[in-house]
$ cat run-v8.txt   # compact mmCIF, C-alpha atoms
# COMPACT_ATOMS: atom_id res chain seq x y z
CA MET P 1 22.32 4.70 17.44
CA THR P 2 22.10 1.97 14.85
CA LYS P 3 18.62 1.45 13.45
CA VAL P 4 17.45 -1.62 11.57
CA ILE P 5 15.75 -0.31 8.44
CA ALA P 6 13.72 -2.38 6.00
CA ASP P 7 13.82 -0.59 2.64
CA ILE P 8 11.84 -1.92 -0.31
CA THR P 9 9.61 -0.95 -3.23
CA MET P 10 6.04 -2.25 -3.28
CA SER P 11 3.07 -2.13 -5.64
CA LEU P 12 -0.30 -0.82 -4.42
CA ASP P 13 -1.44 -4.42 -4.03
CA GLY P 14 1.52 -5.35 -1.86
CA PHE P 15 3.89 -7.09 -4.26
CA VAL P 16 7.66 -6.50 -4.33
CA THR P 17 8.08 -8.29 -7.66
CA GLY P 18 5.75 -9.22 -10.49
CA PRO P 19 4.98 -12.89 -11.21
CA ASP P 20 7.69 -15.53 -11.84
CA PRO P 21 10.88 -13.69 -10.88
CA ASP P 22 14.05 -15.37 -12.12
CA LEU P 23 17.72 -14.47 -12.65
CA GLU P 24 16.99 -12.56 -15.85
CA HIS P 25 13.82 -10.94 -14.48
CA GLY P 26 14.66 -10.02 -10.91
CA LEU P 27 11.49 -7.96 -10.62
CA GLY P 28 9.38 -10.74 -12.14
CA HIS P 29 7.63 -10.51 -15.48
CA GLY P 30 6.24 -7.02 -15.96
CA GLY P 31 7.54 -5.80 -12.60
CA GLU P 32 9.83 -3.13 -14.07
CA PRO P 33 7.47 -0.22 -13.24
CA LEU P 34 8.21 -0.90 -9.56
CA HIS P 35 11.71 0.56 -9.97
CA GLU P 36 10.89 3.38 -12.37
CA TRP P 37 11.61 5.81 -9.54
CA ALA P 38 15.09 4.36 -8.96
CA PHE P 39 16.09 5.14 -12.54
CA SER P 40 14.39 8.53 -12.78
CA ASN P 41 16.17 11.88 -12.84
CA ASP P 42 13.80 13.34 -10.27
CA PRO P 43 15.78 14.92 -7.39
CA VAL P 44 13.39 13.46 -4.77
CA ASP P 45 13.96 9.95 -6.11
CA ALA P 46 17.72 10.48 -6.35
CA ALA P 47 17.81 11.72 -2.74
CA GLN P 48 15.97 8.58 -1.63
CA LEU P 49 18.68 6.42 -3.16
CA SER P 50 21.62 8.43 -1.88
CA THR P 51 20.24 8.86 1.65
CA GLY P 52 19.65 5.13 1.80
CA THR P 53 23.18 4.22 0.82
CA GLU P 54 24.80 6.94 2.94
CA ARG P 55 23.10 5.71 6.09
CA SER P 56 23.78 2.03 5.62
CA GLY P 57 26.73 0.58 7.50
CA ALA P 58 25.72 -2.98 6.62
CA VAL P 59 23.18 -4.50 4.25
CA ILE P 60 21.12 -7.68 4.60
CA MET P 61 19.52 -9.62 1.77
CA GLY P 62 17.97 -13.00 1.06
CA ARG P 63 19.54 -15.70 -1.08
CA ARG P 64 17.27 -15.24 -4.07
CA LEU P 65 18.11 -11.55 -4.19
CA PHE P 66 21.82 -12.38 -3.93
CA ASP P 67 21.55 -14.82 -6.84
CA ILE P 68 19.86 -12.14 -8.95
CA ILE P 69 22.40 -9.40 -8.26
CA ASP P 70 25.33 -11.82 -8.65
CA SER P 71 24.02 -13.13 -12.00
CA PRO P 72 25.42 -11.76 -15.29
CA HIS P 73 22.33 -9.52 -15.53
CA GLY P 74 22.87 -8.24 -12.00
CA TRP P 75 24.92 -5.48 -10.46
CA ASN P 76 27.79 -3.83 -12.30
CA ASP P 77 29.83 -0.64 -12.00
CA GLU P 78 26.82 1.42 -13.02
CA VAL P 79 23.93 -0.38 -11.37
CA GLY P 80 23.93 -1.67 -7.82
CA TYR P 81 24.02 -0.69 -4.21
CA GLY P 82 25.93 2.56 -4.13
CA ALA P 83 27.58 1.60 -7.44
CA ARG P 84 28.63 5.16 -8.12
CA GLU P 85 29.76 5.87 -4.56
CA ALA P 86 33.23 5.27 -3.17
CA GLY P 87 33.25 1.95 -1.36
CA SER P 88 30.30 -0.23 -0.43
CA PRO P 89 29.04 -1.64 2.86
CA PRO P 90 29.48 -5.26 3.96
CA PHE P 91 26.63 -7.51 2.83
CA PHE P 92 25.05 -10.32 4.86
CA VAL P 93 23.15 -12.94 2.88
CA VAL P 94 20.57 -15.11 4.68
CA THR P 95 20.95 -18.56 3.09
CA HIS P 96 21.03 -22.22 4.00
CA ALA P 97 24.35 -22.73 2.23
CA ALA P 98 26.96 -20.37 0.77
CA PRO P 99 27.34 -20.43 -3.03
CA GLU P 100 30.42 -22.31 -4.31
CA THR P 101 31.47 -19.48 -6.59
CA ARG P 102 30.42 -15.92 -7.16
CA ARG P 103 30.92 -13.15 -9.67
CA LEU P 104 30.80 -9.96 -7.61
CA GLU P 105 33.91 -8.92 -5.70
CA LEU P 106 32.18 -7.34 -2.74
CA ASP P 107 32.28 -8.07 0.99
CA PHE P 108 29.69 -10.87 1.31
CA THR P 109 29.06 -12.93 4.44
CA PHE P 110 26.71 -15.89 4.13
CA VAL P 111 24.58 -16.44 7.23
CA PRO P 112 23.07 -19.93 7.58
CA ASP P 113 21.13 -19.44 10.82
CA GLY P 114 18.40 -16.97 9.93
CA VAL P 115 17.60 -13.29 9.74
CA ALA P 116 17.99 -12.59 13.48
CA SER P 117 21.58 -13.83 13.34
CA ALA P 118 22.21 -11.81 10.18
CA ILE P 119 20.94 -8.66 11.89
CA GLU P 120 23.18 -9.32 14.92
CA GLN P 121 26.25 -9.69 12.72
CA ALA P 122 25.29 -6.71 10.60
CA ARG P 123 24.88 -4.51 13.69
CA LYS P 124 28.48 -5.23 14.69
CA ALA P 125 29.69 -4.42 11.18
CA ALA P 126 27.64 -1.24 10.85
CA GLY P 127 29.34 0.74 13.62
CA ALA P 128 27.42 3.97 14.18
CA LYS P 129 25.58 3.62 10.87
CA ASP P 130 22.34 1.74 10.17
CA VAL P 131 21.57 -1.81 9.13
CA VAL P 132 19.50 -1.90 5.96
CA ILE P 133 17.46 -4.96 4.96
CA MET P 134 17.01 -4.53 1.22
CA GLY P 135 14.87 -7.61 0.53
CA GLY P 136 13.50 -9.74 -0.76
CA GLY P 137 9.99 -9.74 0.56
CA ASP P 138 10.53 -12.97 2.49
CA VAL P 139 13.47 -11.74 4.55
CA ILE P 140 11.81 -8.40 5.32
CA GLY P 141 8.58 -10.20 6.21
CA GLN P 142 10.46 -12.49 8.62
CA ALA P 143 12.24 -9.55 10.23
CA LEU P 144 8.99 -7.58 10.58
CA ASP P 145 7.18 -10.53 12.07
CA ALA P 146 10.00 -11.09 14.57
CA ALA P 147 9.82 -7.39 15.59
CA LEU P 148 13.43 -6.84 14.54
CA VAL P 149 12.76 -3.77 12.38
CA ASP P 150 12.92 -0.19 13.74
CA GLU P 151 11.94 1.63 10.55
CA LEU P 152 10.16 0.66 7.37
CA ARG P 153 10.96 2.65 4.25
CA LEU P 154 8.34 1.77 1.68
CA HIS P 155 8.58 3.08 -1.87
CA LEU P 156 5.04 2.79 -3.18
CA ALA P 157 4.89 2.51 -6.96
CA PRO P 158 1.72 3.58 -8.80
CA ILE P 159 0.83 0.15 -10.14
CA VAL P 160 -1.38 -2.80 -9.28
CA LEU P 161 0.53 -5.92 -10.34
CA GLY P 162 -2.16 -8.51 -9.68
CA ASP P 163 0.39 -11.22 -8.86
CA GLY P 164 3.97 -11.62 -7.66
CA THR P 165 5.97 -11.84 -4.43
CA PRO P 166 3.97 -10.43 -1.50
CA LEU P 167 5.72 -8.35 1.17
CA PHE P 168 3.40 -8.95 4.12
CA ASN P 169 2.75 -12.65 3.59
CA GLY P 170 2.05 -14.17 7.02
CA VAL P 171 3.07 -11.01 8.87
CA GLY P 172 0.87 -10.28 11.89
CA ARG P 173 -0.50 -6.96 13.12
CA ILE P 174 2.02 -4.12 13.44
CA GLU P 175 1.12 -0.58 14.50
CA MET P 176 3.36 2.10 13.03
CA ARG P 177 3.92 5.83 13.12
CA GLN P 178 4.20 7.59 9.76
CA THR P 179 7.28 9.79 10.20
CA ASP P 180 8.08 11.02 6.70
CA VAL P 181 6.60 11.08 3.19
CA GLN P 182 8.49 12.27 0.11
CA ILE P 183 6.76 12.48 -3.23
CA SER P 184 8.00 12.24 -6.78
CA PRO P 185 5.92 11.66 -9.91
CA HIS P 186 7.10 8.03 -9.82
CA ALA P 187 6.47 6.96 -6.23
CA ALA P 188 5.39 7.88 -2.74
CA HIS P 189 8.35 7.34 -0.44
CA LEU P 190 6.84 6.45 2.93
CA THR P 191 8.77 6.12 6.18
CA TYR P 192 7.28 4.42 9.24
CA GLU P 193 8.65 3.99 12.74
CA LEU P 194 7.60 0.70 14.25
CA ARG P 195 6.01 1.02 17.68
CA MET E 196 -17.06 15.83 -16.78
CA THR E 197 -18.23 13.19 -14.36
CA LYS E 198 -15.43 10.98 -13.05
CA VAL E 199 -15.91 7.63 -11.37
CA ILE E 200 -13.84 7.77 -8.19
CA ALA E 201 -13.08 4.85 -5.90
CA ASP E 202 -12.37 6.26 -2.45
CA ILE E 203 -11.31 3.97 0.40
CA THR E 204 -8.93 3.58 3.33
CA MET E 205 -6.42 0.72 3.25
CA SER E 206 -3.79 -0.72 5.57
CA LEU E 207 -0.19 -1.13 4.39
CA ASP E 208 -0.90 -4.80 3.76
CA GLY E 209 -3.91 -4.08 1.58
CA PHE E 210 -6.88 -4.60 3.91
CA VAL E 211 -9.89 -2.27 4.07
CA THR E 212 -11.17 -3.85 7.30
CA GLY E 213 -9.61 -5.94 10.02
CA PRO E 214 -10.71 -9.57 10.51
CA ASP E 215 -14.37 -10.62 10.99
CA PRO E 216 -16.28 -7.43 10.20
CA ASP E 217 -19.89 -7.45 11.39
CA LEU E 218 -22.68 -4.94 12.03
CA GLU E 219 -21.17 -3.82 15.31
CA HIS E 220 -17.60 -3.84 14.01
CA GLY E 221 -17.83 -2.41 10.52
CA LEU E 222 -14.05 -2.10 10.30
CA GLY E 223 -13.55 -5.63 11.61
CA HIS E 224 -11.96 -6.47 14.92
CA GLY E 225 -9.06 -4.12 15.60
CA GLY E 226 -9.57 -2.23 12.34
CA GLU E 227 -10.35 1.12 14.01
CA PRO E 228 -6.87 2.60 13.34
CA LEU E 229 -7.79 2.58 9.63
CA HIS E 230 -10.16 5.51 10.19
CA GLU E 231 -8.11 7.44 12.74
CA TRP E 232 -7.54 10.09 10.05
CA ALA E 233 -11.29 10.53 9.44
CA PHE E 234 -11.83 11.49 13.09
CA SER E 235 -8.72 13.63 13.51
CA ASN E 236 -8.68 17.41 13.79
CA ASP E 237 -5.87 17.69 11.27
CA PRO E 238 -6.82 20.19 8.51
CA VAL E 239 -5.37 17.94 5.79
CA ASP E 240 -7.56 15.06 6.92
CA ALA E 241 -10.61 17.32 7.24
CA ALA E 242 -10.05 18.64 3.71
CA GLN E 243 -9.92 15.08 2.39
CA LEU E 244 -13.36 14.40 3.83
CA SER E 245 -14.97 17.65 2.70
CA THR E 246 -13.49 17.56 -0.82
CA GLY E 247 -14.74 14.02 -1.20
CA THR E 248 -18.30 14.85 -0.22
CA GLU E 249 -18.40 18.14 -2.15
CA ARG E 250 -17.45 16.43 -5.40
CA SER E 251 -19.82 13.50 -5.12
CA GLY E 252 -23.08 13.76 -7.04
CA ALA E 253 -23.90 10.11 -6.38
CA VAL E 254 -22.43 7.41 -4.15
CA ILE E 255 -22.15 3.65 -4.72
CA MET E 256 -21.70 1.03 -2.03
CA GLY E 257 -21.97 -2.72 -1.57
CA ARG E 258 -24.67 -4.45 0.43
CA ARG E 259 -22.53 -5.33 3.42
CA LEU E 260 -21.51 -1.69 3.77
CA PHE E 261 -25.15 -0.62 3.51
CA ASP E 262 -26.14 -3.06 6.26
CA ILE E 263 -23.41 -1.64 8.50
CA ILE E 264 -24.32 2.02 8.01
CA ASP E 265 -28.05 1.27 8.29
CA SER E 266 -27.58 -0.69 11.53
CA PRO E 267 -28.20 0.98 14.91
CA HIS E 268 -24.42 1.44 15.26
CA GLY E 269 -24.19 3.03 11.81
CA TRP E 270 -24.67 6.53 10.47
CA ASN E 271 -26.45 9.22 12.44
CA ASP E 272 -26.70 13.00 12.34
CA GLU E 273 -23.10 13.33 13.46
CA VAL E 274 -21.38 10.46 11.68
CA GLY E 275 -21.94 9.55 8.05
CA TYR E 276 -21.47 10.66 4.51
CA GLY E 277 -21.58 14.42 4.63
CA ALA E 278 -23.57 14.19 7.88
CA ARG E 279 -22.79 17.76 8.77
CA GLU E 280 -23.41 19.14 5.27
CA ALA E 281 -26.72 20.34 3.90
CA GLY E 282 -28.32 17.52 1.96
CA SER E 283 -26.74 14.29 0.85
CA PRO E 284 -26.25 12.65 -2.54
CA PRO E 285 -28.34 9.75 -3.83
CA PHE E 286 -26.93 6.35 -2.88
CA PHE E 287 -26.85 3.24 -5.08
CA VAL E 288 -26.45 -0.08 -3.30
CA VAL E 289 -25.20 -3.10 -5.26
CA THR E 290 -27.22 -6.04 -3.88
CA HIS E 291 -29.04 -9.16 -5.03
CA ALA E 292 -32.24 -8.11 -3.24
CA ALA E 293 -33.41 -4.89 -1.61
CA PRO E 294 -33.86 -4.99 2.18
CA GLU E 295 -37.46 -5.23 3.38
CA THR E 296 -37.08 -2.40 5.85
CA ARG E 297 -34.46 0.20 6.62
CA ARG E 298 -33.61 2.72 9.30
CA LEU E 299 -31.95 5.58 7.42
CA GLU E 300 -34.15 8.09 5.63
CA LEU E 301 -31.83 8.82 2.75
CA ASP E 302 -32.19 8.44 -1.02
CA PHE E 303 -31.24 4.77 -1.53
CA THR E 304 -31.62 2.86 -4.81
CA PHE E 305 -30.98 -0.89 -4.68
CA VAL E 306 -29.33 -2.20 -7.83
CA PRO E 307 -29.66 -5.96 -8.40
CA ASP E 308 -27.69 -6.28 -11.65
CA GLY E 309 -24.13 -5.47 -10.66
CA VAL E 310 -21.66 -2.65 -10.25
CA ALA E 311 -21.60 -1.62 -13.94
CA SER E 312 -25.35 -0.99 -13.82
CA ALA E 313 -25.00 0.89 -10.54
CA ILE E 314 -22.34 3.14 -12.07
CA GLU E 315 -24.56 3.82 -15.11
CA GLN E 316 -27.49 4.83 -12.90
CA ALA E 317 -25.25 6.86 -10.60
CA ARG E 318 -23.79 8.77 -13.56
CA LYS E 319 -27.26 9.92 -14.57
CA ALA E 320 -28.01 11.01 -11.00
CA ALA E 321 -24.68 12.79 -10.50
CA GLY E 322 -25.19 15.49 -13.12
CA ALA E 323 -21.96 17.45 -13.51
CA LYS E 324 -20.55 16.07 -10.26
CA ASP E 325 -18.63 12.83 -9.70
CA VAL E 326 -19.66 9.29 -8.89
CA VAL E 327 -17.92 8.03 -5.76
CA ILE E 328 -17.61 4.33 -4.97
CA MET E 329 -17.08 4.25 -1.21
CA GLY E 330 -16.66 0.50 -0.78
CA GLY E 331 -16.51 -2.11 0.37
CA GLY E 332 -13.41 -3.72 -0.98
CA ASP E 333 -15.41 -6.17 -3.09
CA VAL E 334 -17.38 -3.56 -5.02
CA ILE E 335 -14.32 -1.39 -5.61
CA GLY E 336 -12.31 -4.46 -6.66
CA GLN E 337 -15.01 -5.43 -9.17
CA ALA E 338 -15.16 -1.90 -10.58
CA LEU E 339 -11.35 -1.71 -10.84
CA ASP E 340 -11.15 -5.08 -12.54
CA ALA E 341 -13.86 -4.06 -15.03
CA ALA E 342 -11.92 -0.85 -15.83
CA LEU E 343 -14.85 1.31 -14.70
CA VAL E 344 -12.82 3.54 -12.37
CA ASP E 345 -11.23 6.82 -13.51
CA GLU E 346 -9.55 7.77 -10.25
CA LEU E 347 -8.48 5.88 -7.14
CA ARG E 348 -8.27 7.83 -3.89
CA LEU E 349 -6.45 5.65 -1.42
CA HIS E 350 -6.08 6.70 2.20
CA LEU E 351 -3.12 4.67 3.43
CA ALA E 352 -3.19 4.13 7.19
CA PRO E 353 0.06 3.45 9.06
CA ILE E 354 -0.81 -0.06 10.17
CA VAL E 355 -0.26 -3.67 9.10
CA LEU E 356 -3.45 -5.56 10.01
CA GLY E 357 -2.31 -9.07 9.14
CA ASP E 358 -5.83 -10.18 8.19
CA GLY E 359 -9.13 -8.73 7.04
CA THR E 360 -10.97 -7.78 3.83
CA PRO E 361 -8.49 -7.32 0.96
CA LEU E 362 -9.00 -4.50 -1.56
CA PHE E 363 -7.20 -5.97 -4.56
CA ASN E 364 -8.40 -9.56 -4.27
CA GLY E 365 -8.47 -11.02 -7.79
CA VAL E 366 -7.83 -7.64 -9.43
CA GLY E 367 -5.49 -7.89 -12.45
CA ARG E 368 -2.69 -5.57 -13.50
CA ILE E 369 -3.53 -1.84 -13.60
CA GLU E 370 -1.03 0.89 -14.46
CA MET E 371 -1.74 4.22 -12.81
CA ARG E 372 -0.44 7.75 -12.65
CA GLN E 373 0.09 9.23 -9.20
CA THR E 374 -1.54 12.66 -9.46
CA ASP E 375 -1.71 13.92 -5.90
CA VAL E 376 -0.44 13.06 -2.41
CA GLN E 377 -1.56 14.83 0.77
CA ILE E 378 0.01 13.99 4.09
CA SER E 379 -1.24 14.16 7.65
CA PRO E 380 0.24 12.46 10.70
CA HIS E 381 -2.53 9.85 10.41
CA ALA E 382 -2.43 8.82 6.76
CA ALA E 383 -0.99 9.32 3.32
CA HIS E 384 -3.83 10.41 1.02
CA LEU E 385 -2.87 9.11 -2.42
CA THR E 386 -4.69 9.94 -5.65
CA TYR E 387 -4.14 7.91 -8.82
CA GLU E 388 -5.47 8.39 -12.32
CA LEU E 389 -6.10 5.08 -14.04
CA ARG E 390 -4.51 4.83 -17.47
$ encode --input "run-v8.txt" --output "structure tokens"
Amino acid sequence: MTKVIADITMSLDGFVTGPDPDLEHGLGHGGEPLHEWAFSNDPVDAAQLSTGTERSGAVIMGRRLFDIIDSPHGWNDEVGYGAREAGSPPFFVVTHAAPETRRLELDFTFVPDGVASAIEQARKAAGAKDVVIMGGGDVIGQALDAALVDELRLHLAPIVLGDGTPLFNGVGRIEMRQTDVQISPHAAHLTYELR
Amino acid sequence: MTKVIADITMSLDGFVTGPDPDLEHGLGHGGEPLHEWAFSNDPVDAAQLSTGTERSGAVIMGRRLFDIIDSPHGWNDEVGYGAREAGSPPFFVVTHAAPETRRLELDFTFVPDGVASAIEQARKAAGAKDVVIMGGGDVIGQALDAALVDELRLHLAPIVLGDGTPLFNGVGRIEMRQTDVQISPHAAHLTYELR
């Protein structure tokens, strides 16, 4: 059965980017240590990436994240969602208005009416696979707060950033069940089932 | 060599208590799931507690935490720091003024001139053992921000509280090395060495 999975990297103090993220600094200024695990050669980290992409039948993201990955500094044949895999899932971008042009030649759908609608469309596209919300913090926060997430996959990086984009900004109380923890030297990969 | 260890339980959204903590609700209202691990029968959780108390030659806490544990709902022969062990370490309480009376008959020193002074006094008392800062969030945050902590032991509970006492409030950037992770069904016990 299709699960809706929120999958994101967070600092110990709850930030998913450092301060002042922009197109050239998608992780904010000084936020690079967040993704150290994603570029490591550790087999546990690599398995986290490949399991994530293998399970995803459709991917949801916010507009700011789309702008970053579509920018000249963004995704390419080597870096990106399943860049080295054959094929890629359809992407659903939560945005008020679709961009007039874009660089990446991937299957993007721009969804103007919110994250719930994006999840509904992504479910249809995902078939038997899962829907993965890959960020940013805002979109995942909205989905969590609306109780639309079945599983939270949190990659906890060993850094306190002090400032940046918070993940749980305005999110209310949510009880979870810790279902899996995988450890590399670069992160604790924590999986929670939402009750 | 004596290490200064900050040891505290935190929710996924960075709170060490739920909202409105008071003497009767030390963990705030609805914050009880934070300490589910500390009252579990899981051997991993039990080892976390006993290792923590065995290593501590002196313990530091803030005044609000002292008031809670000294209140009628606080520590007793069954519940408290090493309650079931023989003896207990000396405690150093960071506070502007010592309380006029107290209930608990333990070795308390009240330190009026801040957390750095408390750590200095606790080091002398700890001998070859470690100094453990057990909270609250404020005192640990101050010690982290002043770079007085060697090791952070974070017990991450599987809950988003939405509100409460933040741990990293006003703490600046700190790079860490993840040195140990122990897992029970109730928490991820994360140990970080501060660089």
$ closest_residue --input "run-v8.txt" --among "E:Gly223, E:Gly332, E:Pro285, E:Gly357" --to "chain P" --atoms "only C-alpha atoms"
E:Gly357
$ atom_distance --input "run-v8.txt" --atom1 "atom CA of P:Asp45" --atom2 "atom CA of P:Tyr81"
14.8 Å
$ closest_residue --input "run-v8.txt" --among "E:Glu295, E:Asp340, E:Asp202, E:Asp208" --to "chain P" --atoms "all atoms listed in the file"
E:Asp208
$ closest_residue --input "run-v8.txt" --among "E:Gly269, E:Gly322, E:Gly257, E:Gly226" --to "E:Phe303" --atoms "only C-alpha atoms"
E:Gly257
$ residues_around --input "run-v8.txt" --residues "E:Leu385" --least-positions-apart "4" --cutoff "6 Å" --atoms "all atoms listed in the file" --output "JSON, numbers by chain"
{"E": [348, 349, 376]}
$ residues_around --input "run-v8.txt" --residues "P:Gly141" --least-positions-apart "3" --cutoff "10 Å" --atoms "all atoms listed in the file" --output "list in words"
Ala6, Gly135, Gly136, Gly137, Asp138, Leu144, Asp145, Ala146, Ala147, Val149, Pro166, Leu167, Phe168, Asn169, Gly170, Val171 and Gly172 of chain P
$ residues_near_point --input "run-v8.txt" --point "(15.2, -7.6, 14.1)" --cutoff "12 Å" --atoms "only C-alpha atoms" --output "ChimeraX atom specification"
/P:2-6,60,114-123,131-133,139-152,194
$ interface_residues --input "run-v8.txt" --of "chain E" --to "chain P" --cutoff "9 Å" --atoms "all atoms listed in the file" --output "PyMOL selection string"
chain E and resi 207-209+228+352-358+362-376+378-383+385+387
$ atom_distance --input "run-v8.txt" --atom1 "atom CA of P:Val16" --atom2 "atom CA of E:His224"
27.5 Å
$ residues_around --input "run-v8.txt" --residues "E:Asp302" --least-positions-apart "4" --cutoff "12 Å" --atoms "only C-alpha atoms" --output "mmCIF file with C-alpha atoms, in the frame of the given file"
data_model
loop_
_atom_site.group_PDB
_atom_site.id
_atom_site.type_symbol
_atom_site.label_atom_id
_atom_site.label_comp_id
_atom_site.auth_asym_id
_atom_site.auth_seq_id
_atom_site.Cartn_x
_atom_site.Cartn_y
_atom_site.Cartn_z
ATOM 1 C CA ALA E 253 -23.900 10.110 -6.380
ATOM 2 C CA VAL E 254 -22.430 7.410 -4.150
ATOM 3 C CA ILE E 255 -22.150 3.650 -4.720
ATOM 4 C CA GLY E 282 -28.320 17.520 1.960
ATOM 5 C CA SER E 283 -26.740 14.290 0.850
ATOM 6 C CA PRO E 284 -26.250 12.650 -2.540
ATOM 7 C CA PRO E 285 -28.340 9.750 -3.830
ATOM 8 C CA PHE E 286 -26.930 6.350 -2.880
ATOM 9 C CA PHE E 287 -26.850 3.240 -5.080
ATOM 10 C CA VAL E 288 -26.450 -0.080 -3.300
ATOM 11 C CA ARG E 297 -34.460 0.200 6.620
ATOM 12 C CA ARG E 298 -33.610 2.720 9.300
ATOM 13 C CA ALA E 317 -25.250 6.860 -10.600
ATOM 14 C CA ALA E 320 -28.010 11.010 -11.000
#
